[in-house]
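*Asks:* Input: one structure, supplied below.
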Amino acid sequence: MRGALKAKIFLDDELPKVPRGSVEKVVREAGMKVVSKKPEIGIVVGGDGVFSRFGRTESVPLLFVGVRSGLATGSKAYLASVSFDELPRAWSRILAGNYRVKRSKRLEVRKRGRSLGSVFTDVYLQRGAESNCIRYRVAVSGELSFEEAAIGDGVVVTTAAGSTGYYSYPEKMHGEVMDPTGHRMLGEDQIGVCHIVPTYSVRMGTGEHPLRYALPWGSRVEISITRPADARLYGVGPDRGGVKVAAGEKILVLPSSRTTSTIVL
């Protein structure tokens, strides 16, 4: 007879939305075994930021568990497969094998030719505290090839999994009114690029001023700062302060060979 399903719990290190003891209690009551090594599934409790973090570092199938919040600025957890208060019902489906495992593509990020790791959702270059707008260049190569120059807060490159984040901010804006539920989904075979609050952008040789666009999977996106500024790369590495990017340094974002496995109920 098969033993208990081995599950590892993943929470935010600093501000977990649910105490670890509470999560362990629910998992054990479901007949699962909580382990720290060699799990069969991972249970990630939090919001999209936590899902993004563990989605790029773990290879085990992950169940994303959202937490309902009464706060106006609480997590929206678009990527959650289930909410924490629905977990008891979800366990019966998982233990019965009534679920599927989805494999999502990742992006690899390189700086000056050195890999900084892979990304499950999105990576973005953004101005730091010591700069106003930053001036940067975007060069796309692959099935489509072009160059852009822009002035603004920065630029985001996203997978389909991350498209409800920064990539979707234009959907939230309707004149001077915001629609908090607005978002746009990308296809699994697309990479999204979106300029973050630009004051100016231009596609070289065309006179066009694109804010956002989708690229075929396989495209390579090179980003560089064209004037000294406090600019940082977020979405890779454990440092929440980001990776500092200096003028002339090239950031390359391209498809990764790694994938993220998530449990879909």
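Note on naming: chains are A, B, ... as they come in the structure tokens, residues start from 1 per chain, ligands start from 1 in the order shown.
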Against segment 7-25 of chain A, which residues of segment 43-71 of chain A fall within 8 Å? For each one I want the closest pair of atoms and the distance in Å (one decimal), counting only C-alpha atoms, rows by chain and increasing residue number, as JSON lines.
*Replies:*
```
{"residue": "A:Ile43", "atom": "CA", "partner": "A:Ile9", "partner_atom": "CA", "distance": 4.9}
{"residue": "A:Val44", "atom": "CA", "partner": "A:Phe10", "partner_atom": "CA", "distance": 4.7}
{"residue": "A:Val45", "atom": "CA", "partner": "A:Leu11", "partner_atom": "CA", "distance": 5.6}
{"residue": "A:Gly46", "atom": "CA", "partner": "A:Lys17", "partner_atom": "CA", "distance": 5.8}
{"residue": "A:Val50", "atom": "CA", "partner": "A:Asp12", "partner_atom": "CA", "distance": 6.3}
{"residue": "A:Phe54", "atom": "CA", "partner": "A:Phe10", "partner_atom": "CA", "distance": 7.6}
{"residue": "A:Val67", "atom": "CA", "partner": "A:Lys17", "partner_atom": "CA", "distance": 6.9}
```
*Asks:* Would you mind exporting N, CA and C atoms of the selected residues as a PDB file, in the first residue's frame?
*Replies:*
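Saved to part.pdb:
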```pdb
ATOM      1  N   ILE A  43       3.576  22.910  -1.590  1.00  0.00           N
ATOM      2  CA  ILE A  43       2.390  23.712  -1.291  1.00  0.00           C
ATOM      3  C   ILE A  43       2.857  25.126  -1.000  1.00  0.00           C
ATOM      4  N   VAL A  44       2.544  26.047  -1.900  1.00  0.00           N
ATOM      5  CA  VAL A  44       3.003  27.431  -1.797  1.00  0.00           C
ATOM      6  C   VAL A  44       1.817  28.296  -1.372  1.00  0.00           C
ATOM      7  N   VAL A  45       1.910  28.885  -0.186  1.00  0.00           N
ATOM      8  CA  VAL A  45       0.819  29.702   0.352  1.00  0.00           C
ATOM      9  C   VAL A  45       1.239  31.165   0.329  1.00  0.00           C
ATOM     10  N   GLY A  46       0.465  32.001  -0.342  1.00  0.00           N
ATOM     11  CA  GLY A  46       0.802  33.419  -0.405  1.00  0.00           C
ATOM     12  C   GLY A  46       0.078  34.105  -1.537  1.00  0.00           C
ATOM     13  N   VAL A  50       4.982  35.528  -4.135  1.00  0.00           N
ATOM     14  CA  VAL A  50       5.534  34.302  -3.553  1.00  0.00           C
ATOM     15  C   VAL A  50       5.473  33.170  -4.570  1.00  0.00           C
ATOM     16  N   PHE A  54       8.932  31.017  -5.883  1.00  0.00           N
ATOM     17  CA  PHE A  54       9.163  29.574  -5.803  1.00  0.00           C
ATOM     18  C   PHE A  54       8.924  28.883  -7.137  1.00  0.00           C
ATOM     19  N   VAL A  67      -4.631  33.410  -0.375  1.00  0.00           N
ATOM     20  CA  VAL A  67      -5.231  33.748   0.910  1.00  0.00           C
ATOM     21  C   VAL A  67      -6.163  34.935   0.717  1.00  0.00           C
TER      22      VAL A  67
END
```
*Asks:* Using only C-alpha atoms, which protein or nucleic acid residues come within 7 Å of segment 117-134 of chain A? Drop anything in the same chain fewer than 2 positions from it, and give the result as number ranges by chain.
*Replies:* A: 52, 55-56, 106-109, 115, 136, 151-159, 161-162, 229-236, 256, 260
*Asks:* Taking the DSSP secondary structure from the backbone, can you list the residues of segment 25-131 of chain A that are strand (DSSP E), as a ChimeraX atom specification?
*Replies:* /A:33-34,41-46,62-66,82-83,100-111,114-119,122-127
*Asks:* Need to verify the contact set: segment 168-175 of chain A, 6 Å, only C-alpha atoms, exclusion of same-chain residues closer than 6 positions in sequence. Can you return it as a VMD selection string?
*Replies:* chain A and resid 182 to 184
*Asks:* Just checking: using only C-alpha atoms, which residue out of A:Tyr166, A:His195, A:Arg53, A:Val60 ends up closest to Arg103 of chain A?
*Replies:* A:Val60
*Asks:* Pick the closest to Ser163 of chain A from A:Pro88, A:Gly31, A:Gly142, A:Gly187: which is it, counting only C-alpha atoms?
*Replies:* A:Gly187
*Asks:* Of the residues A:Glu208, A:Asp239, A:Glu86, A:Glu249, which is the one nearest to Ile225 of chain A, using only C-alpha atoms?
*Replies:* A:Glu249
